[in-house]
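As structure tokens, the structure follows; a few thoughts come after it.
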There are 4 protein chains.
Amino acid sequence: MSSSFGTLFRVSTFGESHGVGVGAVVDGCPAGISLDEADIQLQLDRRRPGQSDLTTPRDEADRVTILSGVENGQTLGTPIGLLVHNKDQRPGDYGEMSRVPRPSHADYTYQLKYGARASSGGGRSSARETIGRVAAGAIAEKILREQWGVEIVAWVDAIGTQQAGAIDAERLTRQQVDGNLVRCPDQAAAEQMTALVREVRDSKDSIGGVVCCVCRKLPVGWGEPVFDKLEAVLAHAMLSLPATKGFEIGSGFAGTRMRGSEHNDLFVAKGERLGTLTNHAGGTLGGISSGENLLFRIAFKPVATIGLPQQTCDFSGRPVELAAKGRHDPCVVPRAVPIVETMAALVLLDLALRQQARSA
Amino acid sequence: MSSSFGTLFRVSTFGESHGVGVGAVVDGCPAGISLDEADIQLQLDRRRPGQSDLTTPRDEADRVTILSGVENGQTLGTPIGLLVHNKDQRPGDYGEMSRVPRPSHADYTYQLKYGARASSGGGRSSARETIGRVAAGAIAEKILREQWGVEIVAWVDAIGTQQAGAIDAERLTRQQVDGNLVRCPDQAAAEQMTALVREVRDSKDSIGGVVCCVCRKLPVGWGEPVFDKLEAVLAHAMLSLPATKGFEIGSGFAGTRMRGSEHNDLFVAKGERLGTLTNHAGGTLGGISSGENLLFRIAFKPVATIGLPQQTCDFSGRPVELAAKGRHDPCVVPRAVPIVETMAALVLLDLALRQQARSA
Amino acid sequence: MSSSFGTLFRVSTFGESHGVGVGAVVDGCPAGISLDEADIQLQLDRRRPGQSDLTTPRDEADRVTILSGVENGQTLGTPIGLLVHNKDQRPGDYGEMSRVPRPSHADYTYQLKYGARASSGGGRSSARETIGRVAAGAIAEKILREQWGVEIVAWVDAIGTQQAGAIDAERLTRQQVDGNLVRCPDQAAAEQMTALVREVRDSKDSIGGVVCCVCRKLPVGWGEPVFDKLEAVLAHAMLSLPATKGFEIGSGFAGTRMRGSEHNDLFVAKGERLGTLTNHAGGTLGGISSGENLLFRIAFKPVATIGLPQQTCDFSGRPVELAAKGRHDPCVVPRAVPIVETMAALVLLDLALRQQARSA
Amino acid sequence: MSSSFGTLFRVSTFGESHGVGVGAVVDGCPAGISLDEADIQLQLDRRRPGQSDLTTPRDEADRVTILSGVENGQTLGTPIGLLVHNKDQRPGDYGEMSRVPRPSHADYTYQLKYGARASSGGGRSSARETIGRVAAGAIAEKILREQWGVEIVAWVDAIGTQQAGAIDAERLTRQQVDGNLVRCPDQAAAEQMTALVREVRDSKDSIGGVVCCVCRKLPVGWGEPVFDKLEAVLAHAMLSLPATKGFEIGSGFAGTRMRGSEHNDLFVAKGERLGTLTNHAGGTLGGISSGENLLFRIAFKPVATIGLPQQTCDFSGRPVELAAKGRHDPCVVPRAVPIVETMAALVLLDLALRQQARSA
């Protein structure tokens with residue numbers, strides 16, 4: 001049951017990078033939501049490769065087809081089948097991999113775990129697997145927006161050592177984020193990040209980075225202690241994405257260096273609800289949304305596929321030099337932005353429905 | 001279903017800080033494991049308060065009783081009921097909280113989510129809730145150790161700005177960790193941490209910190225892509241602990257600043273298996289254990305309950321000054337060490353059984 | 001995860017017949033429900049042995065203790081721990097069983113499945129295991145009654161070949177059911193059933209029977225197609241009870257002999273809703289409650305433990321004569337009545353909450 | 001989460017009767033199984049309509065496409081996407097239904113539960129929904145056969161009042177079952193059943209029936225007490241099928257009329273294992289497979305769609321006469337045979353994997 005996520009709004013993804021297609025089945029979507037393929041395509045387009053010279057030159061249109069669950073532009077409350085056909089397959093690029101596990105890829109562990117693996121590309125460990133998540137999450141986003149007014153905006157906060165300055169998370173829009181190729185709303189930093197990515201690309205290397213995300217206008221009450229606290233399920237969702245190495249909510253690791261008197265968020269009246277003067281918590285208290293902005297960060301390691309030669313060994317342990325010839329991104333972080341947003345939406349809507357189950 | 005965790009080895013915890021008791025039911029424990037209460041008590045004793053002048057003076061014996069699932073010192077394969085009675089209850093200490101939500105506590109969100117909350121102490125959001133997890137996790141640890149030789153050792157890596165030096169995670173033992181009050185195996189750092197905690201305590205404040213954990217001798221193959229990757233489930237488990245704000249595996253956020261050519265872990269033959277020269281991955285590839293040491297870090301914020309006065313407001317929004325009179329830890333991090341270890345064990349054993357289901 | 005049941009209102013049971021105790025943890029119970037031990041004790045008292053000369057003479061008080069989740073007589077929305085201590089243990093009665101698997105008991109399969117089993121009594125396969133279910137289900141019943149007005153009444157419809165006449169399921173009360181020892185509201189049939197059970201008991205044999213159950217005043221909409229249809233989850237719940245061999249909803253097997261023109265339930269206006277002239281469906285359409293009475297029947301086989309000698313064999317295959325010396329019920333069906341009711345309540349409340357999650 | 005079934009071998013179905021297509025995603029299928037579309041097509045062909053003059057004249061080829069999870073004829077251990085396109089759609093046939101809920105159909109309850117429903121045909125309540133189950137179950141069957149030698153054969157035991165004589169379940173083959181149009185291996189009874197179905201069809205009516213199923217060569221140990229007993233999960237699976245009203249295992253309701261001394265299955269040595277002289281239990285003890293044949297029966301009501309006029313009412317309660325003009329089966333029972341077999345396979349393989357998780 002490793003390819004399903006969620007309790008009441010539940011997505012099951014399928015598809016390898018080089019088979020017929022990739023997709024998802026969304027179970028538990030409420031009925032009566034207006035939905036068509038364009039609603040979903042929006043985030044798929046932001047995710048797809050080939051958007052600029054910074055990403056892999058593979059041009060994949062990634063058009064989604066709704067297979068079921070929608071009639072006359074309205075959801076029926078039944079499972080929504082989503083399919084994106086694979087195109088532009090060049091399995092020849094990946095020949096050597098049948099005997100050499102790529103460093104920092106999943107070839108070795110897949111082979112030992114399953115006793116088999118997709119003979120080309122990354123199979124399920126490919127970034128292409130995230131298409132099903134993004135398609136499903138785009139539906140979740142729409143429901144969150146229409147029923148609760150929730151706004152989810154992610155952005156690139158750092159690439160390598162290039163760090164964005166302070167961002168006004170309260171007002172940030174996706175248009176602002178998409179204002180440059182690296183999706184960093186700090187324009188000065190964005191230019192340096194762009195230069196860095198080009199330099200890394202030209203040296204046949206890769207580079208990591210950090211994505212930040214804000215979710216605004218959440219009501220108080222989402223999150224299911226003690227095991228399915230909001231931040232716990234978020235961390236689960238984010239660390240299930242390829243290439244992620246860390247997660248922080250609110251003050252994160254920096255908060256560990258603070259004293260309680262400094263870190264505590266003091267309550268004040270904010271209209272009809274209580275709010276806090278600061279938001280070191282990052283929008284949850286006791287694992288439950290507090291009404292303040294949900295703020296979290298995800299660490300993405302540098303892409304493992306690089307053109308530089310690497311001294312590694314084959315499956316039998318014999319030393320071998322490996323240099324990727326295939327197409328690859330030097331930096332995955334800008335394309336991760338819509339993936340983070342849609343995964344956040346999957347988490348939030350499921351917890352919203354679980355909370356709604358209580359309200360007699 | 002918020003108080004259950006795991007798919008095949010499944011723990012369901014119960015209990016408030018001030019009711020009859022706290023505990024857990026462990027479902028899916030294999031039969032024929034030798035088990036008695038002393039096996040479980042060991043980690044409960046490391047977790048309990050009152051161990052030194054650094055922790056809350058509440059002296060709670062926290063003796064566990066096995067209610068079911070064990071006969072003649074052997075597990076039956078049936079659910080194991082575990083109960084620890086509450087003692088030393090002083091509800092009077094918590095009177096003011098009925099009208100003032102404590103800053104950075106869960107009082108406010110519990111009240112709005114459930115429309116009710118335990119009238120004293122933290123109820124389920126109390127650190128006391130972790131007793132059920134520790135008791136259940138101690139069983140998981142024992143099975144992992146006896147059936148696979150897995151070793152799990154956590155330690156305090158930082159308190160406030162006091163950071164331990166490099167630790168030899170390959171050889172570290174729990175005895176070494178327990179060699180000082182703050183559970184930091186770097187003795188020099190430990191002394192500074194101890195002085196810091198005393199200073200913080202005397203100034204009626206609190207301080208955060210970082211716990212590191214290593215899991216050794218894992219076989220290749222644990223972790224269930226794409227949603228239940230090993231690091232994803234670990235992150236879920238750790239962020240479900242009270243006071244946690246971040247999680248890193250392997251290179252974590254530092255890895256985001258590296259290039260692929262530096263970050264990639266190159267394969268080499270290590271006896272009968274492949275291993276890697278470096279371990280930036282932290283022991284997983286594609287969400288599956290690689291045979292290298294599993295290494296992760298967790299950020300704990302400073303304890304929210306402090307003796308210093310705080311300018312906050314009551315449930316109706318009226319400003320009020322609050323100063324905790326009750327008993328509390330100035331720093332929760334040393335006591336978090338066995339909690340982290342046992343949560344890691346719950347994650348690992350469940351994934352081990354899920355992998356074992358494949359091996360015809 | 002075999003000892004948990006339910007998605008949102010989830011019960012996890014524990015306990016063997018001869019350990020410290022039996023019980024359950026109920027997760028997902030809404031907050032603010034008035035609840036004390038007497039609410040739960042009511043159904044436990046109807047379930048317990050020793051109520052008349054028709055049942056096992058074991059007198060077990062079976063007093064429940066609420067361990068958690070309730071404060072000042074109100075549920076907190078947190079897990080409710082429930083414990084009933086075991087008493088009156090006479091392990092000596094069961095000595096021979098260590099080498100002879102009792103016919104039509106679970107001794108043989110437990111031993112082979114788990115490689116171990118409780119050395120005395122039935123362990124988890126004992127009828128005593130149902131205590132946790134009944135305690136949890138009594139809470140579910142209370143919520144269903146208070147929030148939706150749902151009424152659940154089960155009764156004995158047949159014992160052996162003694163069959164009750166037509167029962168007015170629309171108006172039947174538990175008081176009427178409890179009006180005689182066999183819990184059959186047809187007084188004439190009840191007398192013949194009573195005589196039959198006594199005759200069977202005196203001949204050291206046992207006898208089976210059928211329990212019927214009606215659930216009234218369900219709203220339209222409970223049940224989750226396609227796999228968790230109301231009747232599917234009910235059948236799951238009922239066939240998970242010890243000694244059950246069959247389940248029917250509405251017309252059941254008799255309906256297979258009818259034609260569509262006879263079996264179809266025609267719609268008519270009933271106040272504000274549509275109802276049906278007949279109820280061959282038994283209260284569901286497409287797996288969803290229709291607003292008509294939910295009506296189902298469960299087959300209970302004769303108790304396997306009998307005093308008559310049986311020619312069977314021991315674990316090694318050697319022929320042996322076995323005659324139970326222990327205490328046992330000649331007919332379990334009257335005591336099954338509250339068990340069926342409370343299991344039905346567990347099913348209904350969980351589906352009610354799942355439906356409620358939809359209602360924005 | 002209503003359209004998913006199973007814990008480790010998990011199927012998620014999707015698709016309405018009149019959308020793009022129907023299908024399933026199978027998660028948890030072991031790797032290295034040889035599989036192609038022909039393996040799956042076999043049971044789809046036995047399920048599809050238009051096989052004889054006894055069934056609906058709709059001729060739907062129902063060709064399955066494997067979307068993912070298989071490469072070079074071998075499963076990868078990743079999710080298997082399965083798709084069958086819809087054809088031969090005549091939505092015009094169903095016009096009247098938008099205002100009149102068909103008696104004994106799900107139109108009324110779907111509308112009230114979801115606030116919406118597929119405007120034509122039965123949507124998810126259509127028998128077409130079972131295609132995804134059959135496709136997934138065909139994979140499960142293959143694994144059970146190849147890894148454990150399990151044989152699953154279902155047959156028609158009764159249509160209306162026409163009851164088959166005793167069948168030799170030990171030796172029955174699918175070829176024998178498919179030897180006549182009604183799939184009843186008692187040839188004399190089959191002829192009478194055939195005549196009955198034709199008579200019912202000609203009178204524009206419908207008729208119910210009973211399907212029996214035997215599963216042979218199960219090892220001891222499948223089934224997860226206390227809630228996921230083998231017969232409980234089987235009953236769940238079978239009652240989740242459209243038009244089912246009852247389930248019996250072993251002696252079923254007939255067993256309720258027996259005495260323990262008659263019903264108990266006495267143990268004898270059978271080669272290396274213990275077996276029983278009789279099999280009133282139907283192949284389970286304490287909810288766990290015993291090594292004897294698994295035997296169960298399912299009641300199917302008469303098809304609700306009939307050509308005869310029915311006096312019912314529309315959604316607003318106004319009386320109306322309804323007579324189906326569309327295509328429909330007079331008797332669904334012969335086509336249910338492969339559906340029952342494949343659902344049984346889904347249950348058994350999931351429990352097999354859950355048991356395998358124990359075997360270190």
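Each chain of the structure tokens is named A, B, ... in the order shown, its residues numbered from 1; ligands are numbered from 1 in display order.
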Item checked: Counting only C-alpha atoms, chain B residues within 9 Å of chain C, as a PyMOL selection string -> chain B and resi 1-4+6-10+12-16+18-28+30-32+66-71+74-81+114-119+123-124
Margin query: I'd like the neighbourhood of Asp107 (chain A) as a ChimeraX atom specification, where a residue qualifies if any of its atoms comes within 9 Å (using only C-alpha atoms), though same-chain residues fewer than 4 positions away should be ignored.
Written below: /A:97-98,100-103,111-112,117-118,122,125 /B:285-286
Kindly export the residues of the current selection with N, CA and C atoms, as a CSV table (one decimal), in the first residue's frame.
```csv
chain,number,residue,atom,x,y,z
A,97,MET,N,22.9,1.3,-17.5
A,97,MET,CA,22.3,1.2,-16.1
A,97,MET,C,21.9,-0.2,-15.8
A,98,SER,N,21.8,-1.1,-16.8
A,98,SER,CA,21.4,-2.4,-16.4
A,98,SER,C,22.4,-3.2,-15.6
A,100,VAL,N,25.2,-1.2,-14.0
A,100,VAL,CA,25.8,-0.2,-13.1
A,100,VAL,C,24.7,0.6,-12.3
A,101,PRO,N,24.6,0.4,-11.0
A,101,PRO,CA,23.7,1.2,-10.3
A,101,PRO,C,24.2,2.6,-10.2
A,102,ARG,N,23.4,3.6,-10.6
A,102,ARG,CA,23.8,5.0,-10.6
A,102,ARG,C,24.0,5.5,-9.2
A,103,PRO,N,25.1,6.2,-8.9
A,103,PRO,CA,25.3,6.7,-7.5
A,103,PRO,C,24.2,7.6,-7.1
A,111,GLN,N,16.6,-2.9,-6.9
A,111,GLN,CA,17.0,-4.2,-7.4
A,111,GLN,C,17.0,-5.2,-6.2
A,112,LEU,N,17.5,-4.7,-5.1
A,112,LEU,CA,17.6,-5.7,-3.9
A,112,LEU,C,16.2,-5.8,-3.2
A,117,ARG,N,13.7,-4.4,-11.4
A,117,ARG,CA,13.5,-2.9,-11.5
A,117,ARG,C,13.3,-2.6,-13.0
A,118,ALA,N,12.7,-1.4,-13.2
A,118,ALA,CA,12.5,-1.0,-14.6
A,118,ALA,C,13.8,-0.9,-15.3
A,122,GLY,N,14.2,5.7,-14.3
A,122,GLY,CA,14.2,5.4,-12.9
A,122,GLY,C,13.0,4.7,-12.5
A,125,SER,N,11.0,5.6,-9.3
A,125,SER,CA,11.8,6.5,-8.5
A,125,SER,C,12.1,7.8,-9.4
B,285,LEU,N,18.2,5.1,-0.2
B,285,LEU,CA,18.2,5.5,-1.7
B,285,LEU,C,16.8,5.2,-2.2
B,286,GLY,N,16.2,6.2,-2.8
B,286,GLY,CA,14.9,6.1,-3.3
B,286,GLY,C,13.9,5.7,-2.3
```
Notebook entry, point to check: Leaving out Val182 (chain D) and any residue of its chain fewer than 6 positions from it, which residues lie within 12 Å of it when counting only C-alpha atoms, given as JSON, numbers by chain?
Noted result: {"D": [46, 51, 52, 53, 54, 55, 155, 156, 157, 158, 159, 162, 164, 176, 188, 189, 190, 191, 192, 193, 194, 195, 196, 197, 198, 209, 210, 211, 330, 331, 332, 333, 334, 335, 336, 337]}
Those residues you just picked out, can you put them in a file as a PDB file, in the first residue's frame with C-alpha atoms?
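Here's the written file result_5.pdb:
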```pdb
ATOM      1  CA  ARG D  46     -16.054 -14.859 -18.862  1.00  0.00           C
ATOM      2  CA  GLN D  51     -22.047 -14.327 -24.303  1.00  0.00           C
ATOM      3  CA  SER D  52     -25.366 -16.004 -25.068  1.00  0.00           C
ATOM      4  CA  ASP D  53     -29.067 -15.334 -25.545  1.00  0.00           C
ATOM      5  CA  LEU D  54     -29.419 -15.515 -21.755  1.00  0.00           C
ATOM      6  CA  THR D  55     -27.587 -12.275 -21.147  1.00  0.00           C
ATOM      7  CA  TRP D 155     -20.404 -22.319  -9.988  1.00  0.00           C
ATOM      8  CA  VAL D 156     -24.120 -21.638 -10.127  1.00  0.00           C
ATOM      9  CA  ASP D 157     -25.817 -23.659  -7.432  1.00  0.00           C
ATOM     10  CA  ALA D 158     -29.347 -22.386  -7.874  1.00  0.00           C
ATOM     11  CA  ILE D 159     -31.416 -20.153 -10.109  1.00  0.00           C
ATOM     12  CA  GLN D 162     -34.007 -24.671  -9.517  1.00  0.00           C
ATOM     13  CA  ALA D 164     -28.322 -28.122  -8.402  1.00  0.00           C
ATOM     14  CA  GLN D 176     -16.962 -28.300 -16.281  1.00  0.00           C
ATOM     15  CA  ALA D 188     -29.821 -31.886 -15.611  1.00  0.00           C
ATOM     16  CA  ALA D 189     -30.352 -28.931 -13.318  1.00  0.00           C
ATOM     17  CA  ALA D 190     -28.583 -26.698 -15.817  1.00  0.00           C
ATOM     18  CA  GLU D 191     -31.150 -27.506 -18.465  1.00  0.00           C
ATOM     19  CA  GLN D 192     -34.006 -26.629 -16.186  1.00  0.00           C
ATOM     20  CA  MET D 193     -32.230 -23.425 -15.136  1.00  0.00           C
ATOM     21  CA  THR D 194     -31.730 -22.481 -18.773  1.00  0.00           C
ATOM     22  CA  ALA D 195     -35.399 -23.008 -19.538  1.00  0.00           C
ATOM     23  CA  LEU D 196     -36.313 -20.965 -16.484  1.00  0.00           C
ATOM     24  CA  VAL D 197     -34.112 -18.040 -17.455  1.00  0.00           C
ATOM     25  CA  ARG D 198     -35.593 -18.028 -20.972  1.00  0.00           C
ATOM     26  CA  GLY D 209     -29.855 -17.346  -7.700  1.00  0.00           C
ATOM     27  CA  VAL D 210     -26.989 -18.708  -5.644  1.00  0.00           C
ATOM     28  CA  VAL D 211     -23.297 -18.984  -6.498  1.00  0.00           C
ATOM     29  CA  PRO D 330     -32.777 -11.483 -16.866  1.00  0.00           C
ATOM     30  CA  CYS D 331     -30.375 -13.343 -14.561  1.00  0.00           C
ATOM     31  CA  VAL D 332     -26.978 -12.093 -13.487  1.00  0.00           C
ATOM     32  CA  VAL D 333     -25.873 -15.236 -11.722  1.00  0.00           C
ATOM     33  CA  PRO D 334     -23.902 -17.059 -14.484  1.00  0.00           C
ATOM     34  CA  ARG D 335     -21.858 -13.929 -15.166  1.00  0.00           C
ATOM     35  CA  ALA D 336     -21.253 -13.561 -11.417  1.00  0.00           C
ATOM     36  CA  VAL D 337     -19.180 -16.757 -11.394  1.00  0.00           C
TER      37      VAL D 337
END
```
Neighbouring residues of Ile152 (chain B) were defined as those with any atom within 10 Å, considering only C-alpha atoms; residues of the same chain fewer than 5 positions away were excluded. Please report them as an mmCIF file with N, CA and C atoms, in the first residue's frame.
```cif
data_model
loop_
_atom_site.group_PDB
_atom_site.id
_atom_site.type_symbol
_atom_site.label_atom_id
_atom_site.label_comp_id
_atom_site.auth_asym_id
_atom_site.auth_seq_id
_atom_site.Cartn_x
_atom_site.Cartn_y
_atom_site.Cartn_z
ATOM 1 N N GLU B 141 12.036 -2.408 19.382
ATOM 2 C CA GLU B 141 13.503 -2.428 19.477
ATOM 3 C C GLU B 141 14.039 -3.821 19.735
ATOM 4 N N LEU B 144 13.767 -6.007 16.640
ATOM 5 C CA LEU B 144 14.746 -5.589 15.627
ATOM 6 C C LEU B 144 16.152 -6.059 16.000
ATOM 7 N N ARG B 145 16.459 -5.971 17.280
ATOM 8 C CA ARG B 145 17.782 -6.354 17.755
ATOM 9 C C ARG B 145 17.958 -7.861 17.645
ATOM 10 N N LEU B 172 29.072 4.352 18.590
ATOM 11 C CA LEU B 172 28.447 4.949 19.770
ATOM 12 C C LEU B 172 27.502 3.969 20.487
ATOM 13 N N THR B 173 27.585 3.958 21.846
ATOM 14 C CA THR B 173 26.697 3.092 22.630
ATOM 15 C C THR B 173 25.779 3.931 23.522
ATOM 16 N N ARG B 174 24.712 3.291 23.986
ATOM 17 C CA ARG B 174 23.806 3.991 24.908
ATOM 18 C C ARG B 174 24.492 4.280 26.240
ATOM 19 N N CYS B 213 20.184 10.635 15.700
ATOM 20 C CA CYS B 213 19.949 9.209 15.878
ATOM 21 C C CYS B 213 20.616 8.416 14.765
ATOM 22 N N VAL B 214 21.252 7.314 15.143
ATOM 23 C CA VAL B 214 21.808 6.394 14.150
ATOM 24 C C VAL B 214 21.142 5.021 14.320
ATOM 25 N N CYS B 215 20.790 4.398 13.202
ATOM 26 C CA CYS B 215 20.282 3.020 13.214
ATOM 27 C C CYS B 215 21.243 2.198 12.365
ATOM 28 N N ARG B 216 21.869 1.212 13.005
ATOM 29 C CA ARG B 216 22.920 0.442 12.332
ATOM 30 C C ARG B 216 22.463 -0.977 12.011
ATOM 31 N N LYS B 217 23.097 -1.561 11.011
ATOM 32 C CA LYS B 217 22.892 -2.962 10.624
ATOM 33 C C LYS B 217 21.508 -3.229 10.038
ATOM 34 N N LEU B 218 20.916 -2.227 9.437
ATOM 35 C CA LEU B 218 19.682 -2.457 8.686
ATOM 36 C C LEU B 218 20.023 -3.227 7.416
ATOM 37 N N LEU B 294 21.591 4.489 8.951
ATOM 38 C CA LEU B 294 20.510 5.467 8.885
ATOM 39 C C LEU B 294 20.838 6.579 9.876
ATOM 40 N N PRO B 338 15.420 8.624 24.471
ATOM 41 C CA PRO B 338 14.776 7.302 24.324
ATOM 42 C C PRO B 338 13.478 7.368 23.522
ATOM 43 N N VAL B 340 12.943 9.249 20.844
ATOM 44 C CA VAL B 340 13.350 9.191 19.440
ATOM 45 C C VAL B 340 13.745 7.764 19.052
ATOM 46 N N GLU B 341 14.490 7.109 19.926
ATOM 47 C CA GLU B 341 14.918 5.735 19.624
ATOM 48 C C GLU B 341 13.725 4.798 19.452
ATOM 49 N N THR B 342 12.780 4.918 20.344
ATOM 50 C CA THR B 342 11.651 3.977 20.284
ATOM 51 C C THR B 342 10.709 4.308 19.125
ATOM 52 N N ALA B 344 11.773 5.504 16.291
ATOM 53 C CA ALA B 344 12.495 4.952 15.138
ATOM 54 C C ALA B 344 12.253 3.453 15.040
ATOM 55 N N ALA B 345 12.229 2.784 16.185
ATOM 56 C CA ALA B 345 12.004 1.337 16.182
ATOM 57 C C ALA B 345 10.611 1.000 15.651
#
```
Next item on the list: Could you give me the residues within region 180-307 of chain C that DSSP places in alpha helix (DSSP H), as JSON, numbers by chain?
Entry: {"C": [187, 188, 189, 190, 191, 192, 193, 194, 195, 196, 197, 198, 199, 200, 201, 202, 230, 231, 232, 233, 234, 235, 236, 237, 238, 239, 260, 261, 262, 263]}
Item checked: From A:Ala357, A:Ala106, A:Val200, A:Ile207, residue lying nearest Gly221 (chain B) [only C-alpha atoms] -> A:Ala106
